[in-house]
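Worksheet: one structure, shown below.
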Amino acid sequence: MNHALHHWRSCIDQWQQGLGLSGSPWPNWESLLQLSAAGCSFDTSGQIHPEHGITPWLWLTALKKAGWNGIDVGIVTDAMRELSTDLHQEVELLQPFGLDLAQIRPVAQALGLLLPALDLLDALGDTDSAWF
């Protein structure tokens with residue numbers, strides 16, 4: 001789990017730098033990485049504020065979706081609605097950050113939150129006829 005958390009953080013950092021996004025550091029990044037490295041059980045909670053940007057939510061959503069035994073991640077909005085790991089259902093969370101699903105697709109795919117998009121033109125170009 002610790003390896004995956006570090007890998008996801010790296011993917012997020014690269015994506016964020018590529019878009020020139022910034023946000024104040026989310027204080028729970030390091031504490032969660034340290035707790036997961038210790039290999040013992042822990043219970044923690046925190047808040048993601050708008051100034052932290054969208055990246056902590058993506059990271060925690062990836063952790064939630066991974067579904068490791070003994071790991072239970074709950075993400076709740078201010079309106080007390082439990083968020084799912086289906087990004088297509090959570091599109092409204094991107095709007096306050098000025099983002100849409102197309103913009104987060106590369107990092108969401110790297111985190112396992114979205115499947116790669118199928119480009120039908122490329123698929124048809126690789127066939128001898130118009131049939132799949």
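Naming works like this for the structure tokens: A, B, ... for the chains as they're shown, residue 1 at the start of each chain, ligands 1 onward in shown order.
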
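Those residues that approach range 115-119 of chain A to within 10 Å, counting only C-alpha atoms, are Arg105, Pro106, Ala108, Gln109, Ala110 and Leu124 of chain A; same-chain residues fewer than 5 positions away are not listed.
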
Include N, CA and C atoms and write out the residues we just selected as an mmCIF file, in the first residue's frame.
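Writing done, so here's result_19.cif:
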```
data_model
loop_
_atom_site.group_PDB
_atom_site.id
_atom_site.type_symbol
_atom_site.label_atom_id
_atom_site.label_comp_id
_atom_site.auth_asym_id
_atom_site.auth_seq_id
_atom_site.Cartn_x
_atom_site.Cartn_y
_atom_site.Cartn_z
ATOM 1 N N ARG A 105 -8.485 13.450 -16.796
ATOM 2 C CA ARG A 105 -8.410 12.091 -17.336
ATOM 3 C C ARG A 105 -7.007 11.482 -17.238
ATOM 4 N N PRO A 106 -5.929 12.185 -17.631
ATOM 5 C CA PRO A 106 -4.606 11.541 -17.569
ATOM 6 C C PRO A 106 -4.233 11.069 -16.166
ATOM 7 N N ALA A 108 -6.354 10.609 -13.624
ATOM 8 C CA ALA A 108 -7.354 9.645 -13.169
ATOM 9 C C ALA A 108 -7.065 8.249 -13.727
ATOM 10 N N GLN A 109 -6.605 8.182 -14.978
ATOM 11 C CA GLN A 109 -6.221 6.895 -15.563
ATOM 12 C C GLN A 109 -5.004 6.324 -14.846
ATOM 13 N N ALA A 110 -4.023 7.172 -14.555
ATOM 14 C CA ALA A 110 -2.813 6.714 -13.863
ATOM 15 C C ALA A 110 -3.125 6.198 -12.463
ATOM 16 N N LEU A 124 -10.492 1.713 -35.875
ATOM 17 C CA LEU A 124 -10.908 1.436 -37.251
ATOM 18 C C LEU A 124 -9.730 1.501 -38.207
#
```

inquiry  = Using only C-alpha atoms, which protein or nucleic acid residues come within 9 Å of Ala37 in chain A? Drop anything in the same chain fewer than 4 positions from it, and give the result as a VMD selection string.
reply    = chain A and resid 1 to 3 32 to 33

Surrounding residues of range 60-75 of chain A excluding itself and chain neighbours under 5 positions, 9 Å, only C-alpha atoms, as an mmCIF file with N, CA, C and O atoms, in the first residue's frame:
```
data_model
loop_
_atom_site.group_PDB
_atom_site.id
_atom_site.type_symbol
_atom_site.label_atom_id
_atom_site.label_comp_id
_atom_site.auth_asym_id
_atom_site.auth_seq_id
_atom_site.Cartn_x
_atom_site.Cartn_y
_atom_site.Cartn_z
ATOM 1 N N MET A 1 0.815 -1.175 0.000
ATOM 2 C CA MET A 1 0.000 0.000 0.000
ATOM 3 C C MET A 1 0.873 1.258 0.000
ATOM 4 O O MET A 1 0.601 2.202 -0.732
ATOM 5 N N ALA A 4 2.125 2.061 -3.434
ATOM 6 C CA ALA A 4 1.070 2.623 -4.286
ATOM 7 C C ALA A 4 0.793 4.075 -3.922
ATOM 8 O O ALA A 4 0.629 4.915 -4.805
ATOM 9 N N LEU A 5 0.754 4.385 -2.634
ATOM 10 C CA LEU A 5 0.505 5.763 -2.211
ATOM 11 C C LEU A 5 1.593 6.711 -2.719
ATOM 12 O O LEU A 5 1.298 7.812 -3.188
ATOM 13 N N TRP A 8 1.146 7.050 -6.563
ATOM 14 C CA TRP A 8 0.015 7.921 -6.880
ATOM 15 C C TRP A 8 0.373 9.378 -6.617
ATOM 16 O O TRP A 8 0.017 10.255 -7.377
ATOM 17 N N SER A 41 -1.879 -0.682 12.192
ATOM 18 C CA SER A 41 -3.204 -0.104 11.962
ATOM 19 C C SER A 41 -3.261 1.305 12.530
ATOM 20 O O SER A 41 -2.560 1.660 13.469
ATOM 21 N N THR A 55 -6.247 17.660 -5.821
ATOM 22 C CA THR A 55 -5.354 16.497 -5.762
ATOM 23 C C THR A 55 -5.518 15.615 -4.518
ATOM 24 O O THR A 55 -5.447 14.395 -4.652
ATOM 25 N N ARG A 81 -22.867 14.094 2.044
ATOM 26 C CA ARG A 81 -23.069 13.092 1.005
ATOM 27 C C ARG A 81 -21.781 12.314 0.821
ATOM 28 O O ARG A 81 -20.720 12.889 0.610
ATOM 29 N N GLU A 82 -21.877 10.994 0.929
ATOM 30 C CA GLU A 82 -20.718 10.117 0.726
ATOM 31 C C GLU A 82 -20.357 10.115 -0.754
ATOM 32 O O GLU A 82 -21.212 9.914 -1.617
ATOM 33 N N LEU A 83 -19.083 10.372 -1.038
ATOM 34 C CA LEU A 83 -18.621 10.391 -2.422
ATOM 35 C C LEU A 83 -18.268 8.988 -2.887
ATOM 36 O O LEU A 83 -17.732 8.182 -2.130
ATOM 37 N N SER A 84 -18.564 8.734 -4.134
ATOM 38 C CA SER A 84 -18.247 7.438 -4.712
ATOM 39 C C SER A 84 -16.880 7.506 -5.388
ATOM 40 O O SER A 84 -16.252 8.557 -5.445
ATOM 41 N N THR A 85 -16.447 6.382 -5.919
ATOM 42 C CA THR A 85 -15.201 6.345 -6.675
ATOM 43 C C THR A 85 -15.460 6.451 -8.175
ATOM 44 O O THR A 85 -14.527 6.382 -8.959
ATOM 45 N N ASP A 86 -16.713 6.620 -8.560
ATOM 46 C CA ASP A 86 -17.091 6.790 -9.955
ATOM 47 C C ASP A 86 -17.002 8.270 -10.306
ATOM 48 O O ASP A 86 -17.885 9.056 -9.967
ATOM 49 N N ALA A 108 -6.354 10.609 -13.624
ATOM 50 C CA ALA A 108 -7.354 9.645 -13.169
ATOM 51 C C ALA A 108 -7.065 8.249 -13.727
ATOM 52 O O ALA A 108 -7.224 7.250 -13.032
ATOM 53 N N LEU A 111 -4.171 6.744 -11.840
ATOM 54 C CA LEU A 111 -4.566 6.324 -10.492
ATOM 55 C C LEU A 111 -5.548 5.159 -10.512
ATOM 56 O O LEU A 111 -5.935 4.657 -9.460
ATOM 57 N N GLY A 112 -5.956 4.727 -11.691
ATOM 58 C CA GLY A 112 -6.908 3.624 -11.788
ATOM 59 C C GLY A 112 -8.347 4.043 -11.549
ATOM 60 O O GLY A 112 -9.209 3.201 -11.304
ATOM 61 N N LEU A 113 -8.628 5.337 -11.642
ATOM 62 C CA LEU A 113 -9.980 5.836 -11.400
ATOM 63 C C LEU A 113 -10.818 5.887 -12.677
ATOM 64 O O LEU A 113 -12.040 5.925 -12.604
#
```

request  = Write down as a PyMOL selection string the residues of chain A whose backbone DSSP state falls under helix (DSSP H, G or I).
outcome  = chain A and resi 2-19+28-38+50-52+55-66+91-93+95-97+101-110+120-125

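Rounded to one decimal, CA of Val91 in chain A and CA of Gly46 in chain A lie 22.1 Å from each other.
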
query = Taking only C-alpha atoms into account, which of A:Leu87, A:Leu121, A:Leu114, A:Ile54 comes nearest Ser22 in chain A?
reply =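 So, comparing all the options, the nearest one is A:Ile54.
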
ask   = What is the distance between CA of Gly98 in chain A and CA of Trp57 in chain A, in Å to one decimal?
value =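 We find that CA of Gly98 in chain A and CA of Trp57 in chain A lie 14.8 Å from each other.
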
Atomic distance CA of Leu58 in chain A - CA of Val107 in chain A, expressed in Å with one decimal =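 It comes out at 8.6 Å.
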